[in-house]
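Here is the file data_24.pdb (PDB, C-alpha atoms).
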ATOM      1  CA  MET A   1      20.263  42.271  -5.929
ATOM      2  CA  ALA A   2      21.625  43.205  -9.328
ATOM      3  CA  ALA A   3      23.660  46.389  -9.795
ATOM      4  CA  GLU A   4      22.409  46.848 -13.345
ATOM      5  CA  PRO A   5      18.778  46.704 -14.467
ATOM      6  CA  ILE A   6      17.542  43.238 -15.277
ATOM      7  CA  VAL A   7      16.405  42.816 -18.874
ATOM      8  CA  LEU A   8      13.096  40.978 -18.702
ATOM      9  CA  PHE A   9      12.429  41.326 -22.444
ATOM     10  CA  ASP A  10      14.124  42.945 -25.448
ATOM     11  CA  ASP A  11      13.304  42.352 -29.119
ATOM     12  CA  GLY A  12      15.194  45.400 -30.376
ATOM     13  CA  HIS A  13      12.114  47.631 -30.509
ATOM     14  CA  HIS A  14      10.311  46.801 -27.296
ATOM     15  CA  LYS A  15      12.040  46.223 -23.970
ATOM     16  CA  CYS A  16      11.144  45.724 -20.311
ATOM     17  CA  LEU A  17      13.723  46.521 -17.639
ATOM     18  CA  MET A  18      13.543  45.876 -13.904
ATOM     19  CA  PHE A  19      15.454  47.883 -11.297
ATOM     20  CA  ASP A  20      15.631  45.872  -8.062
ATOM     21  CA  SER A  21      18.433  47.446  -6.024
ATOM     22  CA  LEU A  22      17.564  51.153  -5.792
ATOM     23  CA  VAL A  23      16.088  51.084  -2.269
ATOM     24  CA  THR A  24      18.715  51.676   0.400
ATOM     25  CA  GLY A  25      18.515  52.157   4.153
ATOM     26  CA  GLU A  26      15.341  51.158   5.997
ATOM     27  CA  GLY A  27      12.993  50.885   3.030
ATOM     28  CA  VAL A  28      11.460  47.575   1.969
ATOM     29  CA  GLN A  29      13.048  46.067  -1.148
ATOM     30  CA  SER A  30      11.007  46.933  -4.214
ATOM     31  CA  ASN A  31      11.178  46.577  -7.974
ATOM     32  CA  GLN A  32      10.640  49.422 -10.429
ATOM     33  CA  PHE A  33       9.982  48.849 -14.110
ATOM     34  CA  LEU A  34      10.768  50.701 -17.331
ATOM     35  CA  ILE A  35       8.922  49.804 -20.526
ATOM     36  CA  VAL A  36      10.270  51.118 -23.831
ATOM     37  CA  ASP A  37       8.501  50.821 -27.179
ATOM     38  CA  GLY A  38      10.498  52.573 -29.887
ATOM     39  CA  LYS A  39      10.652  56.207 -28.759
ATOM     40  CA  HIS A  40       7.965  55.826 -26.115
ATOM     41  CA  GLU A  41       8.644  55.122 -22.447
ATOM     42  CA  ALA A  42       6.681  54.348 -19.301
ATOM     43  CA  LEU A  43       7.542  53.595 -15.693
ATOM     44  CA  ILE A  44       5.537  51.191 -13.553
ATOM     45  CA  ASP A  45       5.319  51.722  -9.771
ATOM     46  CA  PRO A  46       8.361  54.033  -9.553
ATOM     47  CA  GLY A  47       8.166  54.535  -5.783
ATOM     48  CA  GLY A  48       8.728  57.485  -3.477
ATOM     49  CA  ASP A  49      11.565  59.771  -2.457
ATOM     50  CA  LEU A  50      13.859  56.827  -1.666
ATOM     51  CA  THR A  51      13.888  55.754  -5.295
ATOM     52  CA  TYR A  52      13.178  58.937  -7.254
ATOM     53  CA  THR A  53      16.762  60.144  -7.726
ATOM     54  CA  PRO A  54      18.471  56.763  -8.293
ATOM     55  CA  LEU A  55      15.659  55.668 -10.624
ATOM     56  CA  SER A  56      15.818  58.906 -12.597
ATOM     57  CA  VAL A  57      19.572  58.544 -13.027
ATOM     58  CA  ALA A  58      19.387  54.850 -13.940
ATOM     59  CA  ALA A  59      16.430  55.216 -16.322
ATOM     60  CA  SER A  60      17.960  58.236 -18.057
ATOM     61  CA  ARG A  61      20.502  55.868 -19.626
ATOM     62  CA  TYR A  62      17.648  54.414 -21.667
ATOM     63  CA  MET A  63      15.439  57.433 -22.315
ATOM     64  CA  ASN A  64      14.968  61.163 -22.017
ATOM     65  CA  ILE A  65      13.177  61.391 -18.672
ATOM     66  CA  ARG A  66      11.534  64.670 -19.591
ATOM     67  CA  ASP A  67       9.744  63.131 -22.583
ATOM     68  CA  MET A  68       8.415  60.036 -20.818
ATOM     69  CA  ASP A  69       4.819  59.168 -21.760
ATOM     70  CA  TYR A  70       3.401  57.556 -18.636
ATOM     71  CA  VAL A  71       3.868  56.668 -15.009
ATOM     72  CA  PHE A  72       1.636  53.710 -14.108
ATOM     73  CA  ALA A  73       0.660  53.403 -10.438
ATOM     74  CA  SER A  74      -0.991  50.176  -9.305
ATOM     75  CA  HIS A  75      -2.310  51.812  -6.135
ATOM     76  CA  GLN A  76      -1.741  54.654  -3.679
ATOM     77  CA  ASP A  77       1.042  53.399  -1.376
ATOM     78  CA  PRO A  78       4.124  55.599  -0.818
ATOM     79  CA  ASP A  79       6.452  52.946  -2.262
ATOM     80  CA  ILE A  80       4.335  53.069  -5.433
ATOM     81  CA  ILE A  81       3.700  56.728  -6.215
ATOM     82  CA  GLY A  82       5.009  58.741  -3.248
ATOM     83  CA  ALA A  83       7.146  60.926  -5.532
ATOM     84  CA  ILE A  84       4.283  61.902  -7.852
ATOM     85  CA  ASP A  85       5.079  65.600  -7.369
ATOM     86  CA  ARG A  86       8.576  65.158  -8.797
ATOM     87  CA  TRP A  87       7.390  63.156 -11.787
ATOM     88  CA  ILE A  88       4.781  65.804 -12.534
ATOM     89  CA  VAL A  89       7.286  68.657 -12.365
ATOM     90  CA  HIS A  90      10.242  67.048 -14.123
ATOM     91  CA  THR A  91       8.459  65.084 -16.867
ATOM     92  CA  ARG A  92       5.495  65.484 -19.184
ATOM     93  CA  ALA A  93       4.215  62.045 -18.190
ATOM     94  CA  LYS A  94       0.591  61.271 -17.483
ATOM     95  CA  ILE A  95      -0.051  59.417 -14.223
ATOM     96  CA  VAL A  96      -2.202  56.323 -14.818
ATOM     97  CA  THR A  97      -4.033  55.008 -11.752
ATOM     98  CA  SER A  98      -7.357  53.761 -10.418
ATOM     99  CA  ARG A  99     -10.125  56.331 -10.395
ATOM    100  CA  LEU A 100     -10.575  55.569  -6.693
ATOM    101  CA  TRP A 101      -7.172  57.128  -6.011
ATOM    102  CA  ALA A 102      -7.161  59.831  -8.691
ATOM    103  CA  ARG A 103      -9.010  62.186  -6.361
ATOM    104  CA  PHE A 104      -6.550  61.583  -3.504
ATOM    105  CA  LEU A 105      -3.199  61.769  -5.319
ATOM    106  CA  PRO A 106      -3.220  65.598  -5.402
ATOM    107  CA  HIS A 107      -2.760  65.430  -1.603
ATOM    108  CA  LEU A 108       0.792  64.241  -2.339
ATOM    109  CA  VAL A 109       1.527  67.370  -4.380
ATOM    110  CA  SER A 110       2.510  70.535  -2.512
ATOM    111  CA  SER A 111       1.061  73.939  -3.330
ATOM    112  CA  TYR A 112       4.568  74.974  -4.421
ATOM    113  CA  VAL A 113       4.540  72.284  -7.106
ATOM    114  CA  THR A 114       0.939  72.972  -8.063
ATOM    115  CA  ASN A 115       1.750  76.631  -8.639
ATOM    116  CA  GLN A 116       4.434  75.646 -11.162
ATOM    117  CA  LEU A 117       1.967  73.734 -13.327
ATOM    118  CA  SER A 118       0.214  75.326 -16.276
ATOM    119  CA  GLY A 119      -2.955  73.383 -15.393
ATOM    120  CA  SER A 120      -4.229  71.315 -12.482
ATOM    121  CA  VAL A 121      -2.834  68.065 -11.120
ATOM    122  CA  TYR A 122      -5.990  66.353 -12.398
ATOM    123  CA  ASP A 123      -4.991  67.293 -15.947
ATOM    124  CA  ARG A 124      -2.009  64.947 -15.591
ATOM    125  CA  ILE A 125      -3.932  61.960 -14.220
ATOM    126  CA  VAL A 126      -5.482  59.230 -16.371
ATOM    127  CA  SER A 127      -8.276  57.796 -14.249
ATOM    128  CA  ILE A 128      -8.891  54.081 -14.887
ATOM    129  CA  PRO A 129     -12.390  52.688 -14.166
ATOM    130  CA  ASP A 130     -12.918  49.624 -11.990
ATOM    131  CA  ALA A 131     -13.240  47.363 -15.039
ATOM    132  CA  GLY A 132      -9.769  48.363 -16.263
ATOM    133  CA  ALA A 133      -8.762  49.786 -19.641
ATOM    134  CA  ASN A 134      -6.215  49.563 -22.447
ATOM    135  CA  VAL A 135      -3.793  52.477 -22.673
ATOM    136  CA  LYS A 136      -2.231  53.114 -26.079
ATOM    137  CA  PHE A 137       1.535  52.995 -25.848
ATOM    138  CA  GLY A 138       3.815  53.339 -28.861
ATOM    139  CA  ASP A 139       2.921  50.723 -31.474
ATOM    140  CA  SER A 140       1.050  48.659 -28.891
ATOM    141  CA  PHE A 141      -0.789  49.206 -25.611
ATOM    142  CA  LEU A 142      -0.518  48.417 -21.925
ATOM    143  CA  GLN A 143      -3.492  46.754 -20.300
ATOM    144  CA  CYS A 144      -4.702  47.957 -16.901
ATOM    145  CA  LEU A 145      -6.283  44.932 -15.242
ATOM    146  CA  PRO A 146      -8.693  44.967 -12.291
ATOM    147  CA  ALA A 147      -6.946  43.586  -9.201
ATOM    148  CA  HIS A 148      -9.011  45.219  -6.481
ATOM    149  CA  PHE A 149      -8.478  44.239  -2.838
ATOM    150  CA  MET A 150      -5.052  42.777  -3.678
ATOM    151  CA  HIS A 151      -4.336  44.639  -1.585
ATOM    152  CA  SER A 152      -5.766  48.105  -2.213
ATOM    153  CA  VAL A 153      -9.505  48.712  -2.665
ATOM    154  CA  GLY A 154      -8.633  50.391  -5.951
ATOM    155  CA  ASN A 155      -5.879  48.180  -7.307
ATOM    156  CA  LEU A 156      -4.593  47.684 -10.838
ATOM    157  CA  GLN A 157      -2.099  45.355 -12.452
ATOM    158  CA  PHE A 158      -0.420  45.977 -15.789
ATOM    159  CA  TYR A 159      -0.066  43.515 -18.654
ATOM    160  CA  ASP A 160       2.274  44.062 -21.577
ATOM    161  CA  PRO A 161       0.996  42.007 -24.555
ATOM    162  CA  VAL A 162       4.291  42.296 -26.439
ATOM    163  CA  SER A 163       6.489  40.757 -23.747
ATOM    164  CA  LYS A 164       3.562  38.821 -22.217
ATOM    165  CA  ILE A 165       4.658  40.042 -18.787
ATOM    166  CA  LEU A 166       2.115  40.646 -16.037
ATOM    167  CA  PHE A 167       3.304  43.252 -13.548
ATOM    168  CA  SER A 168       1.346  42.057 -10.525
ATOM    169  CA  GLY A 169       2.091  44.701  -7.900
ATOM    170  CA  ASP A 170       1.822  43.292  -4.375
ATOM    171  CA  LEU A 171       0.342  39.986  -5.487
ATOM    172  CA  GLY A 172       3.139  37.432  -5.562
ATOM    173  CA  ALA A 173       5.360  39.632  -3.417
ATOM    174  CA  SER A 174       8.018  38.037  -1.239
ATOM    175  CA  LEU A 175      10.000  39.597   1.586
ATOM    176  CA  GLY A 176      13.236  38.654   3.271
ATOM    177  CA  GLY A 177      14.448  36.254   0.620
ATOM    178  CA  GLU A 178      17.869  36.084  -1.001
ATOM    179  CA  ASP A 179      18.836  36.830  -4.600
ATOM    180  CA  ASP A 180      15.659  38.765  -5.336
ATOM    181  CA  HIS A 181      16.980  39.570  -8.803
ATOM    182  CA  LEU A 182      16.669  35.911  -9.801
ATOM    183  CA  PRO A 183      13.451  34.114 -10.794
ATOM    184  CA  VAL A 184      11.853  31.526  -8.525
ATOM    185  CA  LYS A 185      13.425  28.110  -9.092
ATOM    186  CA  ASP A 186      11.884  26.062  -6.268
ATOM    187  CA  PHE A 187       8.299  27.151  -5.655
ATOM    188  CA  ASP A 188       7.809  25.157  -2.447
ATOM    189  CA  LYS A 189      10.915  26.682  -0.859
ATOM    190  CA  HIS A 190       9.730  30.126  -1.943
ATOM    191  CA  ILE A 191       6.350  29.898  -0.187
ATOM    192  CA  PRO A 192       7.607  30.886   3.316
ATOM    193  CA  SER A 193       8.814  34.249   1.987
ATOM    194  CA  MET A 194       5.349  34.949   0.489
ATOM    195  CA  ILE A 195       2.830  33.487   2.894
ATOM    196  CA  GLY A 196       3.008  36.024   5.728
ATOM    197  CA  PHE A 197       2.683  38.989   3.407
ATOM    198  CA  HIS A 198      -0.268  37.515   1.527
ATOM    199  CA  ARG A 199      -2.159  36.428   4.626
ATOM    200  CA  ARG A 200      -2.042  39.958   5.980
ATOM    201  CA  TYR A 201      -2.140  42.212   2.908
ATOM    202  CA  ILE A 202      -4.451  40.378   0.497
ATOM    203  CA  ALA A 203      -8.163  40.691   1.312
ATOM    204  CA  SER A 204      -9.574  37.201   0.733
ATOM    205  CA  GLN A 205      -9.314  33.896  -1.073
ATOM    206  CA  LYS A 206     -12.361  34.792  -3.153
ATOM    207  CA  VAL A 207     -10.682  37.716  -4.908
ATOM    208  CA  CYS A 208      -7.555  35.610  -5.488
ATOM    209  CA  ARG A 209      -9.608  32.915  -7.204
ATOM    210  CA  LEU A 210     -11.481  35.398  -9.365
ATOM    211  CA  TRP A 211      -8.193  37.032 -10.339
ATOM    212  CA  ALA A 212      -6.564  33.680 -11.158
ATOM    213  CA  ASN A 213      -9.518  32.753 -13.377
ATOM    214  CA  MET A 214      -8.942  35.949 -15.357
ATOM    215  CA  VAL A 215      -5.199  35.370 -15.722
ATOM    216  CA  ARG A 216      -5.626  31.763 -16.850
ATOM    217  CA  GLU A 217      -7.443  33.083 -19.921
ATOM    218  CA  MET A 218      -4.461  35.289 -20.817
ATOM    219  CA  ASP A 219      -1.138  34.521 -22.494
ATOM    220  CA  VAL A 220       1.219  35.207 -19.588
ATOM    221  CA  ALA A 221       4.883  34.265 -19.879
ATOM    222  CA  MET A 222       6.003  35.902 -16.648
ATOM    223  CA  ILE A 223       4.484  37.323 -13.450
ATOM    224  CA  VAL A 224       6.643  40.009 -11.873
ATOM    225  CA  PRO A 225       5.622  41.418  -8.470
ATOM    226  CA  GLN A 226       6.727  44.695  -6.952
ATOM    227  CA  HIS A 227       8.684  42.968  -4.177
ATOM    228  CA  GLY A 228      10.993  39.985  -4.463
ATOM    229  CA  LYS A 229      11.356  37.253  -7.046
ATOM    230  CA  ARG A 230       9.480  36.809 -10.322
ATOM    231  CA  PHE A 231       7.732  33.767 -11.783
ATOM    232  CA  GLU A 232       9.032  32.818 -15.239
ATOM    233  CA  GLY A 233       7.595  30.287 -17.649
ATOM    234  CA  PRO A 234       4.283  28.396 -17.811
ATOM    235  CA  VAL A 235       5.142  25.959 -15.010
ATOM    236  CA  MET A 236       5.936  28.643 -12.435
ATOM    237  CA  VAL A 237       3.068  30.866 -13.552
ATOM    238  CA  ASP A 238       0.672  27.947 -13.131
ATOM    239  CA  ARG A 239       2.134  27.007  -9.736
ATOM    240  CA  PHE A 240       1.567  30.520  -8.485
ATOM    241  CA  LEU A 241      -1.994  30.709  -9.816
ATOM    242  CA  ASN A 242      -2.870  27.418  -8.133
ATOM    243  CA  TRP A 243      -1.229  28.401  -4.865
ATOM    244  CA  VAL A 244      -2.827  31.813  -4.580
ATOM    245  CA  SER A 245      -6.246  30.368  -5.500
ATOM    246  CA  ASP A 246      -6.095  27.922  -2.586
ATOM    247  CA  MET A 247      -4.642  30.309   0.007
ATOM    248  CA  GLU A 248      -6.763  31.610   2.867
ATOM    249  CA  CYS A 249      -5.882  35.202   3.646
ATOM    250  CA  GLY A 250      -7.211  38.511   4.926
ATOM    251  CA  ILE A 251     -10.782  38.299   6.184
ATOM    252  CA  ASP A 252     -10.758  34.502   5.782
ATOM    253  CA  LEU A 253      -8.533  34.381   8.864
ATOM    254  CA  MET A 254     -10.375  36.918  11.017
ATOM    255  CA  THR A 255     -12.182  35.896  14.222
ATOM    256  CA  GLN A 256     -13.738  37.783  17.114
ATOM    257  CA  ASP A 257     -10.333  37.701  18.821
ATOM    258  CA  ASN A 258      -9.087  40.158  16.212
ATOM    259  CA  TYR A 259     -11.743  42.665  17.245
ATOM    260  CA  ARG A 260     -11.446  43.275  20.964
ATOM    261  CA  ARG A 261     -10.576  46.370  22.968
ATOM    262  CA  PRO A 262      -6.826  46.491  23.675
ATOM    263  CA  VAL A 263      -5.410  46.173  27.186
ATOM    264  CA  ASP A 264      -1.714  46.800  26.445
ATOM    265  CA  TYR A 265       0.049  50.183  26.367
ATOM    266  CA  VAL A 266       2.787  51.359  24.017
TER     267      VAL A 266
END
structure tokens encoding of this file:
Amino acid sequence: MAAEPIVLFDDGHHKCLMFDSLVTGEGVQSNQFLIVDGKHEALIDPGGDLTYTPLSVAASRYMNIRDMDYVFASHQDPDIIGAIDRWIVHTRAKIVTSRLWARFLPHLVSSYVTNQLSGSVYDRIVSIPDAGANVKFGDSFLQCLPAHFMHSVGNLQFYDPVSKILFSGDLGASLGGEDDHLPVKDFDKHIPSMIGFHRRYIASQKVCRLWANMVREMDVAMIVPQHGKRFEGPVMVDRFLNWVSDMECGIDLMTQDNYRRPVDYV
């Protein structure tokens, strides 16, 4: 893990930073992302209480947290948007997420926080339809791509057309590997750290193939998941697309043995 944020892209006006070492203790390693375009800022999948304070401190070196434009949440998991109440109170940011989860996110906000707001929690949420949408951001935009059932039923990924980075959320995630701050160098050796997660958390091969077809039509220089190593360059991007398209996972692996009454006690 890197002590400082990893610069994924920086052309002087637009930059993408990755924080990979903010989770301590028993939490699963995760990556948080800061996108800056001129005087506009956005966080992608900032996490929960484990990361809120260290991320706020680290990101404040590159922006005024209070004036942040957006927090993008790929889905509803606690390691994605568990600290939504703090972001709502301490920033003016809009929370961008799938419309399937927009109605549930207020459950993460206490009545104490709600009472401090001038409006409702819903006023701060940008609800993205299933087909996705482009969100204006500075001199450009961030694209919310449909990535449903990978793994959440209402799942988004975020594409930055300036840096050509695809922030893929849980797709491409790896767990238990070493040097997570570095890009994948040997794809075949990297597969064991991905396969277990994908077989369990990703719904089916069909959705992976449909997703890969969409991405192949895009100009993607880098795929960066929320956990573990990233895929840099056309060769690695293509290797990942081919691998995930051919992988059986989720319901592909289910049999009647997975649906029987339990006999063991805990």
Exercise: Gln29 of chain A partners within 9 Å, all atoms listed in the file, chain neighbours under 6 positions left out, as a list in words: Asp20, Ser21, Leu22, Val23, Leu175, Gly176, Asp180, Gln226, His227 and Gly228 of chain A
Picked residues, the PyMOL selection byres ((chain A and resi 5-13) around 12), expected as a JSON list (two decimals) with C-alpha atoms, in the frame of the given file:
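result.json, written as the output of this step:
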[["chain", "number", "residue", "atom", "x", "y", "z"],
["A", 1, "MET", "CA", 20.26, 42.27, -5.93],
["A", 2, "ALA", "CA", 21.62, 43.20, -9.33],
["A", 3, "ALA", "CA", 23.66, 46.39, -9.80],
["A", 4, "GLU", "CA", 22.41, 46.85, -13.34],
["A", 14, "HIS", "CA", 10.31, 46.80, -27.30],
["A", 15, "LYS", "CA", 12.04, 46.22, -23.97],
["A", 16, "CYS", "CA", 11.14, 45.72, -20.31],
["A", 17, "LEU", "CA", 13.72, 46.52, -17.64],
["A", 18, "MET", "CA", 13.54, 45.88, -13.90],
["A", 19, "PHE", "CA", 15.45, 47.88, -11.30],
["A", 20, "ASP", "CA", 15.63, 45.87, -8.06],
["A", 21, "SER", "CA", 18.43, 47.45, -6.02],
["A", 22, "LEU", "CA", 17.56, 51.15, -5.79],
["A", 31, "ASN", "CA", 11.18, 46.58, -7.97],
["A", 32, "GLN", "CA", 10.64, 49.42, -10.43],
["A", 33, "PHE", "CA", 9.98, 48.85, -14.11],
["A", 34, "LEU", "CA", 10.77, 50.70, -17.33],
["A", 35, "ILE", "CA", 8.92, 49.80, -20.53],
["A", 36, "VAL", "CA", 10.27, 51.12, -23.83],
["A", 37, "ASP", "CA", 8.50, 50.82, -27.18],
["A", 38, "GLY", "CA", 10.50, 52.57, -29.89],
["A", 39, "LYS", "CA", 10.65, 56.21, -28.76],
["A", 40, "HIS", "CA", 7.96, 55.83, -26.12],
["A", 41, "GLU", "CA", 8.64, 55.12, -22.45],
["A", 54, "PRO", "CA", 18.47, 56.76, -8.29],
["A", 55, "LEU", "CA", 15.66, 55.67, -10.62],
["A", 57, "VAL", "CA", 19.57, 58.54, -13.03],
["A", 58, "ALA", "CA", 19.39, 54.85, -13.94],
["A", 59, "ALA", "CA", 16.43, 55.22, -16.32],
["A", 61, "ARG", "CA", 20.50, 55.87, -19.63],
["A", 62, "TYR", "CA", 17.65, 54.41, -21.67],
["A", 138, "GLY", "CA", 3.82, 53.34, -28.86],
["A", 139, "ASP", "CA", 2.92, 50.72, -31.47],
["A", 140, "SER", "CA", 1.05, 48.66, -28.89],
["A", 160, "ASP", "CA", 2.27, 44.06, -21.58],
["A", 161, "PRO", "CA", 1.00, 42.01, -24.56],
["A", 162, "VAL", "CA", 4.29, 42.30, -26.44],
["A", 163, "SER", "CA", 6.49, 40.76, -23.75],
["A", 164, "LYS", "CA", 3.56, 38.82, -22.22],
["A", 165, "ILE", "CA", 4.66, 40.04, -18.79],
["A", 166, "LEU", "CA", 2.12, 40.65, -16.04],
["A", 167, "PHE", "CA", 3.30, 43.25, -13.55],
["A", 180, "ASP", "CA", 15.66, 38.76, -5.34],
["A", 181, "HIS", "CA", 16.98, 39.57, -8.80],
["A", 182, "LEU", "CA", 16.67, 35.91, -9.80],
["A", 183, "PRO", "CA", 13.45, 34.11, -10.79],
["A", 221, "ALA", "CA", 4.88, 34.26, -19.88],
["A", 222, "MET", "CA", 6.00, 35.90, -16.65],
["A", 223, "ILE", "CA", 4.48, 37.32, -13.45],
["A", 224, "VAL", "CA", 6.64, 40.01, -11.87],
["A", 229, "LYS", "CA", 11.36, 37.25, -7.05],
["A", 230, "ARG", "CA", 9.48, 36.81, -10.32],
["A", 231, "PHE", "CA", 7.73, 33.77, -11.78],
["A", 232, "GLU", "CA", 9.03, 32.82, -15.24]]
Atom CA of Val237 of chain A to atom CA of Val184 of chain A, distance in Å rounded to a single decimal: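 Atom CA of Val184 of chain A lies 10.1 Å from atom CA of Val237 of chain A.
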Nearest-residue call for Gly132 of chain A, choices A:Val96, A:Met236, A:Ala173, A:Leu117, using all atoms listed in the file: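 Comparing A:Val96, A:Met236, A:Ala173, A:Leu117 against Gly132 of chain A, the winner is A:Val96.
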Computed interatomic separation between atom CA of Pro78 of chain A and atom CA of Thr97 of chain A (Å):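 Separation of atom CA of Pro78 of chain A and atom CA of Thr97 of chain A: 13.7 Å.
Here atom CA of Tyr52 of chain A is placed at a distance of 16.8 Å from atom CA of Ser74 of chain A.
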Contact residues around Ala42 of chain A with only C-alpha atoms at 10 Å, ignoring same-chain residues under 6 positions, as a count of residues only: 18
Output check: residues returned by the PyMOL selection byres ((chain A and resi 248) around 7), as a ChimeraX atom specification: /A:199,204-205,246-247,249,252-253
Residue among A:Val220, A:Val126, A:Ile202, A:Ile81 lying closest to Ala102 of chain A, counting all atoms listed in the file: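 Residue with the minimum atom-to-atom distance to Ala102 of chain A: A:Val126.
With all atoms listed in the file as the basis for measurement, A:Thr51 is the residue among A:Ser118, A:Gln256, A:Ser193, A:Thr51 that approaches Gly82 of chain A most closely.
Nearest-residue note for Val215 of chain A: choosing from A:Ser152, A:Thr255, A:Gln157, A:Ser174, the minimum distance belongs to A:Gln157, counting all atoms listed in the file.
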Counting all atoms listed in the file, the residue of A:Trp87, A:Tyr159, A:Phe141, A:Tyr112 that sits nearest Arg124 of chain A: A:Trp87
Selection dump of the PyMOL selection byres ((chain A and resi 208) around 9), as JSON, numbers by chain: {"A": [147, 150, 202, 203, 204, 205, 206, 207, 209, 210, 211, 212, 213, 241, 244, 245, 246, 247]}
Output file for the selection above: C-alpha atoms, as a PDB file, keeping the file's coordinate frame:
ATOM      1  CA  ALA A 147      -6.946  43.586  -9.201  1.00  0.00           C
ATOM      2  CA  MET A 150      -5.052  42.777  -3.678  1.00  0.00           C
ATOM      3  CA  ILE A 202      -4.451  40.378   0.497  1.00  0.00           C
ATOM      4  CA  ALA A 203      -8.163  40.691   1.312  1.00  0.00           C
ATOM      5  CA  SER A 204      -9.574  37.201   0.733  1.00  0.00           C
ATOM      6  CA  GLN A 205      -9.314  33.896  -1.073  1.00  0.00           C
ATOM      7  CA  LYS A 206     -12.361  34.792  -3.153  1.00  0.00           C
ATOM      8  CA  VAL A 207     -10.682  37.716  -4.908  1.00  0.00           C
ATOM      9  CA  ARG A 209      -9.608  32.915  -7.204  1.00  0.00           C
ATOM     10  CA  LEU A 210     -11.481  35.398  -9.365  1.00  0.00           C
ATOM     11  CA  TRP A 211      -8.193  37.032 -10.339  1.00  0.00           C
ATOM     12  CA  ALA A 212      -6.564  33.680 -11.158  1.00  0.00           C
ATOM     13  CA  ASN A 213      -9.518  32.753 -13.377  1.00  0.00           C
ATOM     14  CA  LEU A 241      -1.994  30.709  -9.816  1.00  0.00           C
ATOM     15  CA  VAL A 244      -2.827  31.813  -4.580  1.00  0.00           C
ATOM     16  CA  SER A 245      -6.246  30.368  -5.500  1.00  0.00           C
ATOM     17  CA  ASP A 246      -6.095  27.922  -2.586  1.00  0.00           C
ATOM     18  CA  MET A 247      -4.642  30.309   0.007  1.00  0.00           C
TER      19      MET A 247
END
Residue nearest Leu171 of chain A among A:Tyr122, A:Phe187, A:Tyr265, A:Phe197 (counting all atoms listed in the file): A:Phe197
Spatial neighbours of Asn155 of chain A, max dist 9 Å, all atoms listed in the file, sep filter under 4 positions, as a list in words: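 After dropping sequence-adjacent residues, the list is Ala73, Ser74, His75, Gln76, Thr97, Ser98, Leu100, Asp130, Leu145, Pro146, Ala147, His148, Phe149, Met150, His151 and Gly169 of chain A.
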Near-Leu108 of chain A list (8 Å; all atoms listed in the file; drop same-chain fewer than 3 positions) as a VMD selection string: chain A and resid 82 to 85 104 to 105
Write to file, as a compact mmCIF listing (two decimals), in the frame of the given file, the residues of the selection just made, with C-alpha atoms.
# COMPACT_ATOMS: atom_id res chain seq x y z
CA GLY A 82 5.01 58.74 -3.25
CA ALA A 83 7.15 60.93 -5.53
CA ILE A 84 4.28 61.90 -7.85
CA ASP A 85 5.08 65.60 -7.37
CA PHE A 104 -6.55 61.58 -3.50
CA LEU A 105 -3.20 61.77 -5.32
